[in-house]
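Engineer: Below are the structure tokens for one structure; questions will follow.
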2 protein chains.
Amino acid sequence: MPVDLQPQEMDRLDELVATRRKVKRKELLFHNGEKFTSLFAIRTGVFKTRVTTEDGRDQVTGFQMAGEIIGLDGIVNGQHSCDAVALEDAEVCVMPYERLEELSREVTALQRHVHQVMSREIVREHGVMLLLGSMRAEERLAAFLMNLVKRLHARGFSATELILRMTREEIGSYLGLKLETVSRTLSKFVEEGVVEVNQRHVRITNADALKQLANPTVCN
Amino acid sequence: MPVDLQPQEMDRLDELVATRRKVKRKELLFHNGEKFTSLFAIRTGVFKTRVTTEDGRDQVTGFQMAGEIIGLDGIVNGQHSCDAVALEDAEVCVMPYERLEELSREVTALQRHVHQVMSREIVREHGVMLLLGSMRAEERLAAFLMNLVKRLHARGFSATELILRMTREEIGSYLGLKLETVSRTLSKFVEEGVVEVNQRHVRITNADALKQLANPTVCN
DNA sequence: CGCCGCATTGACGTTCGTCAAGTCTAGTGG
DNA sequence: CCACTAGACTTGACGAACGTCAATGCGGCG
């Protein structure tokens, strides 16, 4: 948590995030219906969150990576309303929610931080709604790639290369597309010289063009 | 705010929501880029929130009615990232955010309530993402009507009749459809005897059928 | 009355989903 | 070490759902 604090406050925060938990690839950090007790701060690895309907359809609601907080959905009803699945071996800090509540009553910076994290998630979801509601396949995928590479870059990785930790199907679910459409659209980007793709390895060769695709000035 | 409290705590909360503000139909409660200072609790009237892209496309991210909190998007960056537009003459309580922070440090029930409101919004948006990402027009519209009537019923209105405060275009924007599709789908429902429609007045004549159409559990 | 915004409906086009075949890669076991 | 398999991915042909464009209707309000 990137908040600056007094030494004594730091100690209390350290205690809050003292517990760690490892989650193997394909395993669930928590699942729909599970009792909510803690938030999780991702230390390593990438997760997806998904919601599911009775009739088996599901929707990926996000991909989360190091430094991001997961589990906020559980606060309102005391139980989780989505699944969190590790896309690779991962480790998280377990933050017991009741301790977090107490502490954020005492440490103003923490209170503010918690509010910001939740607000940021709301704003992010607004962006996804915009994407799902009014963009075409090309734009969705371009926006997705831009977003991923930006977040990775902020974590010290390349600004032009990335390795997808998720399948075409998972990308499609997140973007409201079928996996074939994701694959086709990626191929199209390759033809246009915007990216190079080798399985899960993606290299952005023309970032400007990608930005154009994600935010076209002309649309129908 | 439906939280039970000590009398003295009540007084402090009363002070928090003392300021009122009236917003006329089609006017903005706040707009994208505006400095964030307060959250708003809706007393009367219905609002829509929307996000916009540079190229002029916009997406309705929600319709809010009495008792609901609006403005949470502003917390993370200190400025609003969407517009809130009144769909009819409305009145809100203005809750200065800094006062809210202070108070929720002292009143545990308020702290919890704030967290729940934000978490609820996150969960609601998960539902919208599911709707936008994996449902067809019929299902989206059925889910939308069910959701509206449920919320109205919880506020003492009819469980089968409602008046839409928004245009077909606004419904379409929220559901990721064009207004013509909304209109056609409504007409289809009428043909099937599921609803009666007269302009903005809608009567649900076969709630079970509507629930069938909206298959998944996208409620809230 | 006549205008204007909203809504409906039809004809047609585009995008994306569906179905199917086939390729590639990594992992498994003989 | 090499088949063998399973899962992920690619690509093509076709169709359905929804968008686009356009004409028309309807109701409220100055």
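Lettering and numbering for the structure tokens are positional, with chains as A, B, ... in the shown order, residues counted from 1 in each chain, and ligands counted from 1 in the shown order.
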Tell me, which residues of stretch 91-165 of chain B carry DSSP strand (DSSP E), written as a VMD selection string?
Structural biologist: chain B and resid 91 to 96 161 to 163
Engineer: Which residues are near A:Leu175? Cut-off 9 Å, only C-alpha atoms (C1' of nucleotides), ignore same chain within fewer than 2 positions. Put them as a list in words.
Structural biologist: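 With the cut-off at 9 Å, the set is Gln59, Val60, Val128, Leu131, Leu132, Ala137, Arg140, Leu141, Phe144, Glu170, Ile171, Gly172, Ser173, Leu177, Lys178 and Val182 of chain A; Gly133 of chain B.
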Engineer: Next, write the just-selected residues to a file, as an mmCIF file, in the first residue's frame, keeping C-alpha atoms as the atom set.
Structural biologist:
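As a result, selection-v7.cif now contains:
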```cif
data_model
loop_
_atom_site.group_PDB
_atom_site.id
_atom_site.type_symbol
_atom_site.label_atom_id
_atom_site.label_comp_id
_atom_site.auth_asym_id
_atom_site.auth_seq_id
_atom_site.Cartn_x
_atom_site.Cartn_y
_atom_site.Cartn_z
ATOM 1 C CA GLN A 59 -18.526 -13.022 -17.563
ATOM 2 C CA VAL A 60 -14.982 -12.121 -16.660
ATOM 3 C CA VAL A 128 -15.648 -1.388 -19.098
ATOM 4 C CA LEU A 131 -16.334 -0.537 -23.873
ATOM 5 C CA LEU A 132 -18.986 -3.247 -23.760
ATOM 6 C CA ALA A 137 -14.494 -5.674 -31.587
ATOM 7 C CA ARG A 140 -12.367 -3.322 -27.545
ATOM 8 C CA LEU A 141 -9.312 -5.415 -28.179
ATOM 9 C CA PHE A 144 -7.671 -4.000 -23.776
ATOM 10 C CA GLU A 170 -11.056 -15.363 -21.209
ATOM 11 C CA ILE A 171 -10.186 -12.215 -23.131
ATOM 12 C CA GLY A 172 -13.365 -12.685 -25.126
ATOM 13 C CA SER A 173 -15.455 -13.126 -22.023
ATOM 14 C CA LEU A 177 -16.735 -11.319 -27.648
ATOM 15 C CA LYS A 178 -16.343 -14.931 -28.680
ATOM 16 C CA VAL A 182 -10.659 -12.257 -30.508
ATOM 17 C CA GLY B 133 -21.168 -8.925 -22.239
#
```
Engineer: Using only C-alpha atoms (C1' of nucleotides), find which residues of chain C lie within 9 Å of chain A and jot them down as a PyMOL selection string.
Structural biologist: chain C and resi 15-17
Engineer: Can I get the selected residues back with C-alpha atoms (C1' of nucleotides), as a short mmCIF file (atom, residue, chain, number, x, y, z; two decimals), in the first residue's frame?
Structural biologist:
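Final file, out11.cif:
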```
data_model
loop_
_atom_site.label_atom_id
_atom_site.label_comp_id
_atom_site.auth_asym_id
_atom_site.auth_seq_id
_atom_site.Cartn_x
_atom_site.Cartn_y
_atom_site.Cartn_z
"C1'" DT C 15 -20.69 -7.25 -37.54
"C1'" DC C 16 -20.11 -10.79 -34.98
"C1'" DG C 17 -21.58 -15.57 -33.54
#
```
Engineer: Applying 12 Å and only C-alpha atoms (C1' of nucleotides), which residues near C:DG27 remain after dropping the ones on its own chain fewer than 6 positions away? List them as a PDB file with C-alpha atoms (C1' of nucleotides), in the first residue's frame.
Structural biologist:
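Just written: around13.pdb:
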```
ATOM      1  C1'  DC D   4      -0.105 -39.447 -28.557  1.00  0.00           C
ATOM      2  C1'  DT D   5      -3.228 -36.550 -26.651  1.00  0.00           C
ATOM      3  C1'  DA D   6      -5.598 -32.540 -24.957  1.00  0.00           C
ATOM      4  C1'  DG D   7      -6.131 -27.872 -24.857  1.00  0.00           C
TER       5       DG D   7
END
```
Engineer: Got a sec: who's within 10 Å of A:Arg57, counting only C-alpha atoms (C1' of nucleotides), leaving out chain neighbours fewer than 6 positions off, as a tab-separated table (two decimals) with N, CA and C atoms, in the first residue's frame?
Structural biologist:
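So the final result, stored in out_11.tsv, reads:
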```tsv
chain	number	residue	atom	x	y	z
A	51	VAL	N	-18.23	-13.45	-12.81
A	51	VAL	CA	-19.56	-13.71	-12.27
A	51	VAL	C	-20.24	-14.75	-13.15
A	173	SER	N	-14.43	-13.26	-23.05
A	173	SER	CA	-15.45	-13.13	-22.02
A	173	SER	C	-15.41	-11.73	-21.41
B	130	LEU	N	-22.13	-8.27	-16.93
B	130	LEU	CA	-22.67	-9.57	-17.37
B	130	LEU	C	-23.73	-9.36	-18.43
B	134	SER	N	-22.90	-10.63	-22.23
B	134	SER	CA	-23.32	-11.98	-22.59
B	134	SER	C	-24.82	-12.17	-22.76
B	135	MET	N	-25.60	-11.09	-22.79
B	135	MET	CA	-27.03	-11.27	-22.97
B	135	MET	C	-27.49	-10.69	-24.31
B	216	PRO	N	-30.90	-15.02	-16.51
B	216	PRO	CA	-29.90	-14.96	-15.46
B	216	PRO	C	-30.34	-14.07	-14.29
```
Engineer: Nearest residue to chain B out of A:Val94, A:Leu110, A:Leu13, A:Met166, using only C-alpha atoms?
Structural biologist: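 Ranked by minimum distance to chain B, first place goes to A:Leu110.
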Engineer: Need the shell around B:Gly193: protein/DNA/RNA residues with any atom at most 8 Å away, counting only C-alpha atoms (C1' of nucleotides). Skip same-chain ones fewer than 3 positions apart. Format as a PDB file with C-alpha atoms, in the first residue's frame?
Structural biologist:
```pdb
ATOM      1  CA  PHE B 189     -42.963  -8.126 -25.598  1.00  0.00           C
ATOM      2  CA  VAL B 190     -46.327  -6.492 -26.216  1.00  0.00           C
ATOM      3  CA  GLU B 196     -48.523  -3.400 -22.084  1.00  0.00           C
ATOM      4  CA  THR B 205     -48.964  -8.416 -17.470  1.00  0.00           C
ATOM      5  CA  ASN B 206     -46.953 -11.616 -17.207  1.00  0.00           C
TER       6      ASN B 206
END
```
Engineer: Which residues come within 10 Å of A:Arg200, counting only C-alpha atoms (C1' of nucleotides), excluding same-chain residues fewer than 3 positions away, as a list in words?
Structural biologist: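 Final neighbour list, sorted by chain and number: Leu162, Ile163, Leu164, Arg165, Met166, Thr167, Arg168, Val197 and Arg203 of chain A.
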Engineer: Which RMSD value, in Å, follows from superposing chain A onto chain B on all C-alpha atoms in order by least squares?
Structural biologist: 2.5 Å
Engineer: At a cut-off of 10 Å, list the chain D residues touching chain A, using only C-alpha atoms (C1' of nucleotides), as JSON, numbers by chain.
Structural biologist: {"D": [8, 9, 10, 11, 19, 20]}
Engineer: Please produce a file of the residues just selected, as a compact mmCIF listing (two decimals), in the first residue's frame, where the atoms kept are C-alpha atoms (C1' of nucleotides).
Structural biologist:
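Saved file selection03.txt follows:
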```txt
# COMPACT_ATOMS: atom_id res chain seq x y z
C1' DA D 8 -5.47 -23.67 -27.07
C1' DC D 9 -5.55 -21.33 -31.26
C1' DT D 10 -6.52 -20.20 -36.24
C1' DT D 11 -9.27 -19.89 -40.26
C1' DG D 19 -27.37 -1.47 -36.48
C1' DT D 20 -28.38 1.95 -40.08
```
Engineer: Could you please tell me, as a list of chain:residue names, which residues of chain A have an atom within 7 Å of chain B when using only C-alpha atoms?
Structural biologist: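 That gives the following set of residues: A:Thr53, A:Glu54, A:Asp55, A:Gln59, A:Thr61, A:Leu72, A:Asp73, A:Ile75, A:Val76, A:Arg105, A:Gln116, A:Met118, A:Ser119, A:Arg120, A:Ile122, A:Val123, A:Glu125, A:His126, A:Met129, A:Leu130, A:Leu132, A:Gly133, A:Ser134, A:Leu175, A:Gly176, A:Thr217.
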Engineer: Grab the residues selected above and save them as a PDB file, in the first residue's frame with N, CA and C atoms.
Structural biologist:
```
ATOM      1  N   THR A  53     -24.011 -17.032 -14.139  1.00  0.00           N
ATOM      2  CA  THR A  53     -25.460 -17.175 -14.042  1.00  0.00           C
ATOM      3  C   THR A  53     -25.805 -18.639 -13.836  1.00  0.00           C
ATOM      4  N   GLU A  54     -27.058 -18.894 -13.414  1.00  0.00           N
ATOM      5  CA  GLU A  54     -27.486 -20.280 -13.206  1.00  0.00           C
ATOM      6  C   GLU A  54     -27.320 -21.108 -14.474  1.00  0.00           C
ATOM      7  N   ASP A  55     -27.648 -20.498 -15.598  1.00  0.00           N
ATOM      8  CA  ASP A  55     -27.616 -21.266 -16.838  1.00  0.00           C
ATOM      9  C   ASP A  55     -26.204 -21.397 -17.408  1.00  0.00           C
ATOM     10  N   GLN A  59     -19.099 -14.264 -17.065  1.00  0.00           N
ATOM     11  CA  GLN A  59     -18.526 -13.022 -17.563  1.00  0.00           C
ATOM     12  C   GLN A  59     -17.305 -12.716 -16.726  1.00  0.00           C
ATOM     13  N   THR A  61     -15.013 -10.258 -15.112  1.00  0.00           N
ATOM     14  CA  THR A  61     -15.244  -8.856 -14.747  1.00  0.00           C
ATOM     15  C   THR A  61     -13.943  -8.077 -14.598  1.00  0.00           C
ATOM     16  N   LEU A  72     -13.515  -6.815  -2.964  1.00  0.00           N
ATOM     17  CA  LEU A  72     -14.385  -5.714  -2.535  1.00  0.00           C
ATOM     18  C   LEU A  72     -15.869  -6.045  -2.695  1.00  0.00           C
ATOM     19  N   ASP A  73     -16.173  -6.956  -3.609  1.00  0.00           N
ATOM     20  CA  ASP A  73     -17.559  -7.337  -3.861  1.00  0.00           C
ATOM     21  C   ASP A  73     -18.215  -7.959  -2.631  1.00  0.00           C
ATOM     22  N   ILE A  75     -18.074  -7.086   0.562  1.00  0.00           N
ATOM     23  CA  ILE A  75     -18.378  -6.224   1.699  1.00  0.00           C
ATOM     24  C   ILE A  75     -19.879  -6.034   1.905  1.00  0.00           C
ATOM     25  N   VAL A  76     -20.596  -5.836   0.798  1.00  0.00           N
ATOM     26  CA  VAL A  76     -21.990  -5.408   0.928  1.00  0.00           C
ATOM     27  C   VAL A  76     -22.880  -6.447   1.590  1.00  0.00           C
ATOM     28  N   ARG A 105     -10.235   3.589  10.901  1.00  0.00           N
ATOM     29  CA  ARG A 105     -10.857   4.593  11.757  1.00  0.00           C
ATOM     30  C   ARG A 105      -9.788   5.434  12.456  1.00  0.00           C
ATOM     31  N   GLN A 116     -10.410   5.341  -1.880  1.00  0.00           N
ATOM     32  CA  GLN A 116      -9.912   5.543  -3.241  1.00  0.00           C
ATOM     33  C   GLN A 116      -9.865   4.240  -4.029  1.00  0.00           C
ATOM     34  N   MET A 118     -11.789   1.699  -3.702  1.00  0.00           N
ATOM     35  CA  MET A 118     -13.148   1.322  -4.102  1.00  0.00           C
ATOM     36  C   MET A 118     -13.654   2.240  -5.198  1.00  0.00           C
ATOM     37  N   SER A 119     -13.380   3.520  -5.071  1.00  0.00           N
ATOM     38  CA  SER A 119     -13.807   4.469  -6.093  1.00  0.00           C
ATOM     39  C   SER A 119     -13.132   4.163  -7.431  1.00  0.00           C
ATOM     40  N   ARG A 120     -11.848   3.809  -7.363  1.00  0.00           N
ATOM     41  CA  ARG A 120     -11.106   3.484  -8.580  1.00  0.00           C
ATOM     42  C   ARG A 120     -11.741   2.283  -9.285  1.00  0.00           C
ATOM     43  N   ILE A 122     -14.863   1.422  -9.140  1.00  0.00           N
ATOM     44  CA  ILE A 122     -16.121   1.887  -9.739  1.00  0.00           C
ATOM     45  C   ILE A 122     -15.853   2.592 -11.065  1.00  0.00           C
ATOM     46  N   VAL A 123     -14.846   3.439 -11.072  1.00  0.00           N
ATOM     47  CA  VAL A 123     -14.507   4.173 -12.295  1.00  0.00           C
ATOM     48  C   VAL A 123     -14.008   3.217 -13.383  1.00  0.00           C
ATOM     49  N   GLU A 125     -14.889   0.187 -13.787  1.00  0.00           N
ATOM     50  CA  GLU A 125     -16.046  -0.536 -14.319  1.00  0.00           C
ATOM     51  C   GLU A 125     -16.878   0.349 -15.234  1.00  0.00           C
ATOM     52  N   HIS A 126     -16.923   1.633 -14.942  1.00  0.00           N
ATOM     53  CA  HIS A 126     -17.566   2.553 -15.889  1.00  0.00           C
ATOM     54  C   HIS A 126     -16.917   2.436 -17.255  1.00  0.00           C
ATOM     55  N   MET A 129     -17.965  -0.675 -18.960  1.00  0.00           N
ATOM     56  CA  MET A 129     -19.333  -0.557 -19.468  1.00  0.00           C
ATOM     57  C   MET A 129     -19.343   0.216 -20.786  1.00  0.00           C
ATOM     58  N   LEU A 130     -18.546   1.259 -20.849  1.00  0.00           N
ATOM     59  CA  LEU A 130     -18.436   2.028 -22.088  1.00  0.00           C
ATOM     60  C   LEU A 130     -17.938   1.142 -23.218  1.00  0.00           C
ATOM     61  N   LEU A 132     -18.038  -2.194 -23.411  1.00  0.00           N
ATOM     62  CA  LEU A 132     -18.986  -3.247 -23.760  1.00  0.00           C
ATOM     63  C   LEU A 132     -20.218  -2.690 -24.458  1.00  0.00           C
ATOM     64  N   GLY A 133     -20.576  -1.477 -24.085  1.00  0.00           N
ATOM     65  CA  GLY A 133     -21.837  -0.941 -24.580  1.00  0.00           C
ATOM     66  C   GLY A 133     -21.727  -0.228 -25.905  1.00  0.00           C
ATOM     67  N   SER A 134     -20.539   0.240 -26.253  1.00  0.00           N
ATOM     68  CA  SER A 134     -20.511   1.094 -27.429  1.00  0.00           C
ATOM     69  C   SER A 134     -19.280   0.965 -28.313  1.00  0.00           C
ATOM     70  N   LEU A 175     -14.315  -9.044 -22.812  1.00  0.00           N
ATOM     71  CA  LEU A 175     -14.646  -8.010 -23.795  1.00  0.00           C
ATOM     72  C   LEU A 175     -16.017  -8.197 -24.439  1.00  0.00           C
ATOM     73  N   GLY A 176     -16.742  -9.211 -24.007  1.00  0.00           N
ATOM     74  CA  GLY A 176     -18.056  -9.456 -24.612  1.00  0.00           C
ATOM     75  C   GLY A 176     -17.965  -9.966 -26.028  1.00  0.00           C
ATOM     76  N   THR A 217     -11.568   8.581 -34.251  1.00  0.00           N
ATOM     77  CA  THR A 217     -12.230   9.881 -34.314  1.00  0.00           C
ATOM     78  C   THR A 217     -13.544   9.780 -35.087  1.00  0.00           C
TER      79      THR A 217
END
```
